[in-house]
Amino acid sequence: MAVKKRLNMRKRYELLTRGLAWEPSYQPREKVFPYEDFEGIKITDWDKWEDPFRLTADSYWKYQAEKDKKLYAVMDSFAQNDGFLNVSDASYINALKIFIQGVSPLEYQAHRGFAHLARQFAGEGAQIACQMQSIDELRHIQTQIHTISNYNKYFTGMHDPFHMHDRVWYLSVPKSFMDDARTAGPFEFITSISFSFEYLLTNLLFVPFMSGAAHNGDMSTVTFGFSAQSDESRHMTLGLGIIKFLLEQHEDNVPIVQKWMDKHFWRSYRLLGIVSAMQDYMLTESPLSWKEGWKIYFEDNAGALFNDLSRYGIKMPKFHEVATAEADHLSHQVYSVFYAFSHAAGFQTTVPSAKKMDWLSEKYPDTFDKYYRPRWEMWAEMEKEGKRFFNGGLPLDCQVCQIPMVFTDVVNGNPMKPTHRVSEYKGDKYHTCSDGCRDIFENEPEKYVQALVPPQQIFQGNCGGETIPDVLNWYHFAADDGGEYHGSTDEKNWKKWHGEQSDSGSQEKA
Amino acid sequence: MSYEVTIEPMGVTIEVDEEQTILDAALRQGIYLPHACGHGLCGTCKVDILEGDVEIGEEASSFALMDFERDEGKCLTCCSKPESDMVIEADVEEEEDALYLPVQDYTGKVVRLEKLTPRILAVVLEVGGDGVEFQSGQYANLNIPGVESPRPFSMADSPGNRNLLEFDVALIEGGEGTTWIHEQLKVGDELSFTAPYGNFFLRKSSPEPMIFFGGGSGLSSPRSMVKDLLESGDEREIILFHGARNRKELFYCDEFESLEEKYPNFKYIPALSGPDVEADWTGGKGFVHEVALDYMNGKFDGYKVYMCGPPPMIDACINACMKGRLFERDMYMEKFLTAADAEGEAKRSPLFKSI
């Protein structure tokens with residue numbers, strides 16, 4: 001028998017990547033890596049770091065260049081063939097508006113966060129993993145801007161997403177989530193982003209947006225989704241790798257990591273409330289309901305993961321049972337806020353169509369007809385009478401997740417009873433939307449009292465003026481960015497283009 | 001119709017049905033391959049095809065497996081199905097101590113049958129010629145007359161004697177194969193089998209001292225390994241924990257006690273878990289992992305741990321080791337699954353590779 005002797009993948013990788021770091025001699029180590037122990041995490045041996053993936057810099061560039069080449073070819077042909085005309089309906093574009101305003105800026109912040117980690121982690125394996133992810137995130141935001149800029153030529157609401165992200169009330173939900181992680185220490189940041197968000201919940205974001213795009217004829221978005229998702233293998237394995245590493249390095253790390261998992265699970269879950277509304281209400285064709293997605297990606301997959309993690313003494317994240325109970329209500333509650341406040345939003349909303357409502361009844365047999373359909377029918381009636389409902393006041397936002405107080409006590413069987421909670425800190429009252437957010441507030445009150453909560457900021461006169469038009473102007477919203485979809489500029493244009501297109505189509509045939 | 005797929009660098013060969021993905025077949029046959037999304041999007045399960053043909057699968061995203069990679073002969077195991085026998089190379093650890101012994105067909109003659117306990121029968125087969133080369137800890141697949149699929153049993157004695165193989169067979173209630181062995185097999189009968197199988201073998205090149213856990217008839221592999229080490233003059237600390245219900249179910253006590261006397265680096269700790277432990281028993285009481293935690297003062301780090309036995313015992317031992325700060329990279333295990341156990345396996349996450 002011939003014995004083949006060639007280096008295996010691991011050996012090849014080790015030869016290319018190991019021994020690149022050095023022991024500092026001009027400065028003490030703790031000054032070079034000042035953040036490594038300030039969270040209480042104990043690292044006894046960076047050499048125990050197991051590379052979560054093996055990719056050398058040269059092949060990294062080769063792969064990424066190839067992906068971009070492919071993606072830009074699709075984008076070019078989409079633009080040249082007026083692909084925007086082939087999506088299911090102009091109302092679908094509202095999902096993309098939320099994506100570019102709410103999600104893409106997070107990619108940029110993730111890029112900054114991982115660049116920070118690549119500098120601050122003392123282990124070279126972890127540095128390289130974070131450096132590659134940092135560059136990935138930059139590629140993601142860039143390809144998203146390029147993909148969506150094509151739509152920006154034809155639809156409202158996508159002209160200044162970064163400016164909006166920093167100022168707009170509902171965009172403070174994703175912004176405050178990422179700010180929370182970015183202002184934490186390096187290990188909490190990576191637990192938040194790589195584990196809680198990327199590993200645990202990324203499918204709940206990806207599936208609605210990307211397969212939603214596929215179901216609605218938006219091949220351009222599908223392509224950037226696939227392109228980004230192909231980097232996710234590294235991000236997800238980094239998320240699992242870091243958690244294993246921390247749990248194995250020292251037993252004192254276990255309770256710290258558990259606390260971060262609890263916190264960032266709930267933070268991520270609340271953020272995904274926006275995705276649930278988009279998925280169930282804003283996609284013309286919805287491939288999967290929020291509740292179905294939650295069952296597959298959280299209850300089953302994350303359940304299996306936590307079952308394995310229990311060997312380290314890790315428990316399911318606190319309040320997971322609340323999130324599971326809320327799966328029947330979440331999207332309905334969040335979209336009702338969007339509906340009522342869309343005169344102050346950078347996208348349009350509308351009462352779901354009869355077909356959509358039937359789909360919702362089918363997907364939510366226990367809740368939709370009983371609690372939510374009657375309100376939609378009332379709002380539809382009001383619209384018919386020319387009294388389209390908008391909430392003229394400002395909502396009270398949660399001090400932690402920054403979503404208005406819309407959630408109810410579903411887990412205890414009281415879906416009509418709000419879960420608004422009040423905490424006191426240094427003589428002031430702070431409001432949170434749920435036990436989950438109150439817990440987070442009360443664990444770190446000094447951090448969350450500093451949160452910029454948009455309605456309060458408006459009342460304090462920090463948002464461009466006293467009237468809604470002043471504030472919208474300060475947001476850089478144009479007059480036709482928000483409000484009711486029926487009669488919007490987007491709808492009018494859509495009808496016009498399709499009218500013209502079918503006319504010119506018949507002329508060509510003639 | 002199925003194909004044989006050999007996975008390098010381990011050199012193990014798995015059977016893959018033509019309608020089955022390589023990943024699915026590997027996981028079902030106890031071989032870990034890297035994976036994450038499971039449906040062609042992320043690329044975690046990418047492998048090199050060294051030989052053979054594959055149907056790449058429509059699910060494979062053109063970003064997760066790009067055109068140039070397809071040209072270079074890569075595929076995603078989560079959505080690829082073999083179209084011929086194949087050799088692939090996966091991004092998994094190469095085992096320095098694996099001998100990659102070729103699996104061969106043998107026939108052995110029963111030369112001894114001995115009741116070790118009321119429910120465990122020692123079957124000794126004599127094999128002619130050069131005998132069977134195996135690594136201690138590995139198993140053979142025995143073909144049992146009238147039973148459709150072959151049944152795996154670990155070699156229970158040191159690999160030093162290649163011509164006499166011992167298998168310690170516990171009677172499983174309602175188990176076709178073990179019932180036949182206990183009731184029908186006679187001295188002088190011939191049995192055909194294939195061997196050696198399994199990735200449960202000694203990592204001799206690792207310098208750490210060793211702990212062995214054997215539960216019930218799962219003592220067989222640890223016995224083979226411990227005797228292998230001691231006979232070869234290994235001087236590292238070796239501790240064997242053997243779990244059984246009661247004194248009657250404990251076997252090879254005398255042998256291990258005399259090994260303990262002969263080799264000062266070896267320690268033998270039997271543990272009885274009851275409920276019917278004999279009144280005069282003065283040894284360890286409780287489940288084997290409890291006795292071990294106690295004996296080790298709750299600390300396992302710095303050792304290599306080998307465990308063999310039924311799934312609940314393995315599970316408890318893994319948890320005990322992890323509680324004692326010893327993790328996946330330092331533990332090796334062989335689960336004794338019955339046909340019924342294999343069906344009830346819970347959904348797993350990609351957190352662990354070999355647990």
# chains A, B, ... in the order shown; residues from 1 in each chain; ligands from 1
$ residues_around --residues "Lys97 (chain A)" --least-positions-apart "3" --cutoff "9 Å" --atoms "only C-alpha atoms" --output "list in words"
Ile93, Asn94, Ile100, Gln101, Gly102, Ile148, Thr156, Gly157, Met158, Pro161, Gly346 and Phe347 of chain A
$ write_last_selection --atoms "C-alpha atoms" --output "PDB file, in the first residue's frame"
ATOM      1  CA  ILE A  93     -39.626  48.399  -1.701  1.00  0.00           C
ATOM      2  CA  ASN A  94     -40.554  49.583   1.803  1.00  0.00           C
ATOM      3  CA  ILE A 100     -30.776  50.358   4.029  1.00  0.00           C
ATOM      4  CA  GLN A 101     -31.826  52.716   6.832  1.00  0.00           C
ATOM      5  CA  GLY A 102     -31.746  50.225   9.669  1.00  0.00           C
ATOM      6  CA  ILE A 148     -29.956  49.613  -3.265  1.00  0.00           C
ATOM      7  CA  THR A 156     -38.480  57.475  -2.063  1.00  0.00           C
ATOM      8  CA  GLY A 157     -36.868  57.129   1.353  1.00  0.00           C
ATOM      9  CA  MET A 158     -33.406  55.838   0.423  1.00  0.00           C
ATOM     10  CA  PRO A 161     -29.759  56.455   5.122  1.00  0.00           C
ATOM     11  CA  GLY A 346     -39.035  57.071   5.951  1.00  0.00           C
ATOM     12  CA  PHE A 347     -41.296  54.409   4.452  1.00  0.00           C
TER      13      PHE A 347
END
$ select_by_dssp --residues "region 280-433 of chain A" --states "alpha helix (DSSP H)" --output "count of residues only"
52
$ closest_atom_pairs --of "chain B" --to "chain A" --cutoff "7 Å" --atoms "only C-alpha atoms" --output "tab-separated table"
residue	atom	partner	partner_atom	distance
B:Pro9	CA	A:Asn8	CA	6.9
B:Ala36	CA	A:Ser233	CA	6.8
B:Leu41	CA	A:Ser230	CA	5.9
B:Cys42	CA	A:Ser230	CA	4.4
B:Gly43	CA	A:Ser230	CA	6.3
B:Thr44	CA	A:Ser233	CA	5.5
B:Phe63	CA	A:Ser227	CA	5.5
B:Ala64	CA	A:Ser230	CA	4.9
B:Asp91	CA	A:Met9	CA	6.0
B:Asn319	CA	A:Arg311	CA	5.5
B:Met322	CA	A:Tyr312	CA	6.5
B:Lys347	CA	A:Ala304	CA	5.8
B:Arg348	CA	A:Ala304	CA	5.4
B:Ser349	CA	A:Leu305	CA	4.8
B:Leu351	CA	A:Leu240	CA	6.5
$ write_last_selection --atoms "N, CA and C atoms" --output "PDB file, in the first residue's frame"
ATOM      1  N   PRO B   9      -8.097  13.576   6.037  1.00  0.00           N
ATOM      2  CA  PRO B   9      -6.913  12.778   6.305  1.00  0.00           C
ATOM      3  C   PRO B   9      -7.145  11.627   7.273  1.00  0.00           C
ATOM      4  N   ALA B  36     -22.374  24.067   8.930  1.00  0.00           N
ATOM      5  CA  ALA B  36     -23.135  25.060   9.697  1.00  0.00           C
ATOM      6  C   ALA B  36     -24.568  25.185   9.176  1.00  0.00           C
ATOM      7  N   LEU B  41     -25.491  27.348   1.666  1.00  0.00           N
ATOM      8  CA  LEU B  41     -25.315  28.800   1.607  1.00  0.00           C
ATOM      9  C   LEU B  41     -24.015  29.300   2.214  1.00  0.00           C
ATOM     10  N   CYS B  42     -23.511  28.610   3.209  1.00  0.00           N
ATOM     11  CA  CYS B  42     -22.426  29.232   3.972  1.00  0.00           C
ATOM     12  C   CYS B  42     -21.048  28.735   3.564  1.00  0.00           C
ATOM     13  N   GLY B  43     -20.940  27.519   3.088  1.00  0.00           N
ATOM     14  CA  GLY B  43     -19.640  27.031   2.631  1.00  0.00           C
ATOM     15  C   GLY B  43     -18.752  26.425   3.711  1.00  0.00           C
ATOM     16  N   THR B  44     -19.267  26.290   4.928  1.00  0.00           N
ATOM     17  CA  THR B  44     -18.461  25.711   6.005  1.00  0.00           C
ATOM     18  C   THR B  44     -18.043  24.275   5.699  1.00  0.00           C
ATOM     19  N   PHE B  63     -22.087  31.540  -4.499  1.00  0.00           N
ATOM     20  CA  PHE B  63     -21.142  32.319  -3.693  1.00  0.00           C
ATOM     21  C   PHE B  63     -20.448  31.445  -2.655  1.00  0.00           C
ATOM     22  N   ALA B  64     -21.166  30.449  -2.178  1.00  0.00           N
ATOM     23  CA  ALA B  64     -20.566  29.558  -1.190  1.00  0.00           C
ATOM     24  C   ALA B  64     -19.611  28.579  -1.880  1.00  0.00           C
ATOM     25  N   ASP B  91     -11.510  19.440   6.108  1.00  0.00           N
ATOM     26  CA  ASP B  91     -10.706  20.236   7.026  1.00  0.00           C
ATOM     27  C   ASP B  91     -10.904  19.723   8.448  1.00  0.00           C
ATOM     28  N   ASN B 319     -20.085  15.405  31.171  1.00  0.00           N
ATOM     29  CA  ASN B 319     -20.434  16.533  32.038  1.00  0.00           C
ATOM     30  C   ASN B 319     -19.530  16.613  33.259  1.00  0.00           C
ATOM     31  N   MET B 322     -16.198  18.002  32.136  1.00  0.00           N
ATOM     32  CA  MET B 322     -16.253  19.430  31.845  1.00  0.00           C
ATOM     33  C   MET B 322     -16.392  20.236  33.127  1.00  0.00           C
ATOM     34  N   LYS B 347     -31.372  16.177  18.382  1.00  0.00           N
ATOM     35  CA  LYS B 347     -30.792  17.103  17.415  1.00  0.00           C
ATOM     36  C   LYS B 347     -29.564  17.753  18.025  1.00  0.00           C
ATOM     37  N   ARG B 348     -28.502  17.828  17.219  1.00  0.00           N
ATOM     38  CA  ARG B 348     -27.258  18.382  17.735  1.00  0.00           C
ATOM     39  C   ARG B 348     -26.915  19.707  17.073  1.00  0.00           C
ATOM     40  N   SER B 349     -26.144  20.516  17.789  1.00  0.00           N
ATOM     41  CA  SER B 349     -25.669  21.767  17.217  1.00  0.00           C
ATOM     42  C   SER B 349     -24.233  21.553  16.754  1.00  0.00           C
ATOM     43  N   LEU B 351     -21.710  22.871  17.911  1.00  0.00           N
ATOM     44  CA  LEU B 351     -20.797  23.326  18.975  1.00  0.00           C
ATOM     45  C   LEU B 351     -19.640  22.357  19.199  1.00  0.00           C
TER      46      LEU B 351
END
$ closest_residue --among "B:Ser158, B:Thr282, B:Ser224, B:Thr194" --to "Pro270 (chain B)" --atoms "only C-alpha atoms"
B:Thr282
$ atom_distance --atom1 "CA of Ser331 (chain A)" --atom2 "CA of Phe177 (chain A)"
19.0 Å
$ closest_residue --among "A:His159, A:Lys496, A:His146, A:Lys417" --to "Tyr475 (chain A)" --atoms "only C-alpha atoms"
A:His159
$ residues_around --residues "Ile468 (chain A)" --least-positions-apart "4" --cutoff "10 Å" --atoms "only C-alpha atoms" --output "PyMOL selection string"
chain A and resi 343-344+392-394+458+463-464+472-474
$ decode --residues "region 278-316 of chain B" --atoms "C-alpha atoms" --output "PDB file, in the first residue's frame"
ATOM      1  CA  GLU B 278     -24.004  -6.058  48.336  1.00  0.00           C
ATOM      2  CA  ALA B 279     -23.789  -5.102  52.039  1.00  0.00           C
ATOM      3  CA  ASP B 280     -20.137  -6.088  52.328  1.00  0.00           C
ATOM      4  CA  TRP B 281     -18.984  -3.806  49.466  1.00  0.00           C
ATOM      5  CA  THR B 282     -16.363  -1.339  50.654  1.00  0.00           C
ATOM      6  CA  GLY B 283     -15.393   0.202  47.303  1.00  0.00           C
ATOM      7  CA  GLY B 284     -16.823   3.238  45.501  1.00  0.00           C
ATOM      8  CA  LYS B 285     -20.584   3.668  45.673  1.00  0.00           C
ATOM      9  CA  GLY B 286     -22.600   5.657  43.172  1.00  0.00           C
ATOM     10  CA  PHE B 287     -22.429   6.226  39.437  1.00  0.00           C
ATOM     11  CA  VAL B 288     -18.981   5.937  37.932  1.00  0.00           C
ATOM     12  CA  HIS B 289     -18.764   9.676  37.139  1.00  0.00           C
ATOM     13  CA  GLU B 290     -19.685  10.568  40.729  1.00  0.00           C
ATOM     14  CA  VAL B 291     -17.076   8.245  42.162  1.00  0.00           C
ATOM     15  CA  ALA B 292     -14.525   9.664  39.717  1.00  0.00           C
ATOM     16  CA  LEU B 293     -15.346  13.297  40.544  1.00  0.00           C
ATOM     17  CA  ASP B 294     -14.903  12.464  44.178  1.00  0.00           C
ATOM     18  CA  TYR B 295     -11.657  10.555  43.648  1.00  0.00           C
ATOM     19  CA  MET B 296     -10.217  13.333  41.467  1.00  0.00           C
ATOM     20  CA  ASN B 297     -11.352  16.067  43.886  1.00  0.00           C
ATOM     21  CA  GLY B 298     -13.400  17.579  41.081  1.00  0.00           C
ATOM     22  CA  LYS B 299     -10.368  18.232  38.851  1.00  0.00           C
ATOM     23  CA  PHE B 300      -9.709  16.472  35.557  1.00  0.00           C
ATOM     24  CA  ASP B 301      -7.584  19.005  33.709  1.00  0.00           C
ATOM     25  CA  GLY B 302      -4.180  17.812  32.624  1.00  0.00           C
ATOM     26  CA  TYR B 303      -5.395  14.297  31.722  1.00  0.00           C
ATOM     27  CA  LYS B 304      -6.577  12.552  28.593  1.00  0.00           C
ATOM     28  CA  VAL B 305      -9.853  10.804  29.201  1.00  0.00           C
ATOM     29  CA  TYR B 306     -11.178   7.733  27.385  1.00  0.00           C
ATOM     30  CA  MET B 307     -14.757   6.623  27.977  1.00  0.00           C
ATOM     31  CA  CYS B 308     -16.722   3.676  26.768  1.00  0.00           C
ATOM     32  CA  GLY B 309     -20.231   2.516  27.650  1.00  0.00           C
ATOM     33  CA  PRO B 310     -23.928   3.206  27.192  1.00  0.00           C
ATOM     34  CA  PRO B 311     -25.021   6.739  26.110  1.00  0.00           C
ATOM     35  CA  PRO B 312     -26.332   7.972  29.506  1.00  0.00           C
ATOM     36  CA  MET B 313     -23.097   6.989  31.191  1.00  0.00           C
ATOM     37  CA  ILE B 314     -20.986   8.695  28.499  1.00  0.00           C
ATOM     38  CA  ASP B 315     -23.145  11.762  28.811  1.00  0.00           C
ATOM     39  CA  ALA B 316     -22.713  11.913  32.574  1.00  0.00           C
TER      40      ALA B 316
END
